[in-house]
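J.: Take this structure first; my questions come after.
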Amino acid sequence: MKLIDTNILIRFFSNDLPVEAASAKQLLTSCKAGSLIVTDYVLAELCFVLEFNTFYRYPRDRVGRCLGVLLDLNSVHLSVFATKAISYYMDDPKLDMTDCLLLAQSQIDSHDLMTLDKHLAKLSSIK
């Protein structure tokens, strides 16, 4: 198993550097099933960079489409938290990916989520 850095995913989704994008595509589409780990940290950074970095500024729905592609890549392994967080991210525009990951972990592991964010607090109280 191999850990994937955010820059590989950024190149894959943006194609801003075509040579690196081709290498990223080759890696992501040719490795065996589940052999490439995308950590929760990388997932959060990916969403932040694509959505808020001044170079990319992807609309949220485009980031959501990228996440859908990521879910469909056979070579990629995501945690159960990440998989659930992606569904929250796609369903609720008020939440960033970090909030979605926290919410997913709190619900999957039955932990109370302590936050001052009223929207997140309301969601975390729903079981």
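We name chains A, B, ... following the order of the structure tokens; residues begin at 1 in each chain, and ligands are numbered from 1 as shown.
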Taking only C-alpha atoms into account, produce a table as a tab-separated table in which each residue of segment 46-105 of chain A with an atom at most 9 Å from an atom of segment 19-36 of chain A appears once, together with its shortest atom pair and the distance in Å to one decimal, ordered by chain and rising number.

T.:
```
residue	atom	partner	partner_atom	distance
A:Leu73	CA	A:Thr29	CA	7.1
A:Asn74	CA	A:Ala33	CA	5.1
A:Ser75	CA	A:Ala33	CA	4.2
A:Val76	CA	A:Leu36	CA	4.8
A:His77	CA	A:Gly34	CA	4.6
A:Leu78	CA	A:Gly34	CA	8.4
```

J.: According to DSSP computed on the backbone, where in segment 52-127 of chain A is there alpha helix (DSSP H)? Give the residues as a PyMOL selection string.

T.: chain A and resi 52+60-72+80-91+97-108+118-124

J.: Go ahead and write the residues just picked, C-alpha atoms, as a short mmCIF file (atom, residue, chain, number, x, y, z; two decimals), in the first residue's frame.

T.:
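Result file selection08.cif:
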```cif
data_model
loop_
_atom_site.label_atom_id
_atom_site.label_comp_id
_atom_site.auth_asym_id
_atom_site.auth_seq_id
_atom_site.Cartn_x
_atom_site.Cartn_y
_atom_site.Cartn_z
CA PHE A 52 -10.17 28.19 -1.80
CA ARG A 60 -18.20 23.52 -4.71
CA ASP A 61 -20.16 21.39 -7.18
CA ARG A 62 -17.00 20.88 -9.24
CA VAL A 63 -15.10 19.82 -6.11
CA GLY A 64 -17.99 17.43 -5.44
CA ARG A 65 -17.59 15.93 -8.92
CA CYS A 66 -13.88 15.46 -8.25
CA LEU A 67 -14.75 13.64 -5.02
CA GLY A 68 -17.15 11.43 -6.95
CA VAL A 69 -14.33 10.51 -9.33
CA LEU A 70 -12.08 9.81 -6.35
CA LEU A 71 -14.69 7.46 -4.89
CA ASP A 72 -14.90 5.64 -8.23
CA VAL A 80 -14.92 4.89 6.40
CA PHE A 81 -14.84 8.41 7.84
CA ALA A 82 -13.76 9.88 4.50
CA THR A 83 -16.43 8.03 2.56
CA LYS A 84 -19.17 9.28 4.89
CA ALA A 85 -17.62 12.78 5.00
CA ILE A 86 -17.78 13.01 1.21
CA SER A 87 -21.52 12.37 1.30
CA TYR A 88 -21.94 15.10 3.94
CA TYR A 89 -19.82 17.48 1.88
CA MET A 90 -21.90 16.88 -1.23
CA ASP A 91 -25.18 17.25 0.68
CA MET A 97 -14.47 18.92 4.54
CA THR A 98 -12.87 19.21 7.98
CA ASP A 99 -16.31 19.62 9.54
CA CYS A 100 -17.58 16.70 7.48
CA LEU A 101 -14.75 14.47 8.68
CA LEU A 102 -15.39 15.44 12.31
CA LEU A 103 -19.11 14.79 11.90
CA ALA A 104 -18.50 11.43 10.24
CA GLN A 105 -16.10 10.28 12.94
CA SER A 106 -18.38 11.44 15.74
CA GLN A 107 -21.32 9.54 14.27
CA ILE A 108 -19.47 6.38 13.27
CA LYS A 118 -24.27 25.97 15.67
CA HIS A 119 -24.99 24.25 12.35
CA LEU A 120 -22.41 21.52 13.01
CA ALA A 121 -23.66 21.11 16.60
CA LYS A 122 -27.21 20.63 15.36
CA LEU A 123 -26.11 18.01 12.85
CA SER A 124 -23.97 16.19 15.39
#
```

J.: With only C-alpha atoms as the atoms that count, which of A:Val38, A:Asp96, A:Met114, A:Leu9 lies nearest to Glu51 of chain A?

T.: A:Asp96

J.: Mind listing the strand (DSSP E) residues of chain A, per DSSP on the backbone, as a ChimeraX atom specification?

T.: /A:2-3,36-37,76-77

J.: For the atom pair atom CA of Lys94 of chain A and atom CA of Pro59 of chain A, what is the interatomic distance in Å to one decimal place?

T.: 13.5 Å

J.: Please determine, counting only C-alpha atoms, which residue among A:Ser79, A:Thr54, A:Asn15, A:Ser110 has the shortest atom-to-atom distance to Asp40 of chain A.

T.: A:Ser79

J.: Which value, in Å to one decimal, gives the distance between atom CA of Asn53 of chain A and atom CA of Leu113 of chain A?

T.: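 Atom CA of Leu113 of chain A lies 28.1 Å from atom CA of Asn53 of chain A.
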
J.: Restricting the calculation to only C-alpha atoms, which member of A:Val42, A:Val49, A:Leu116, A:Leu95 is positioned closest to Asp5 of chain A?

T.: A:Val42
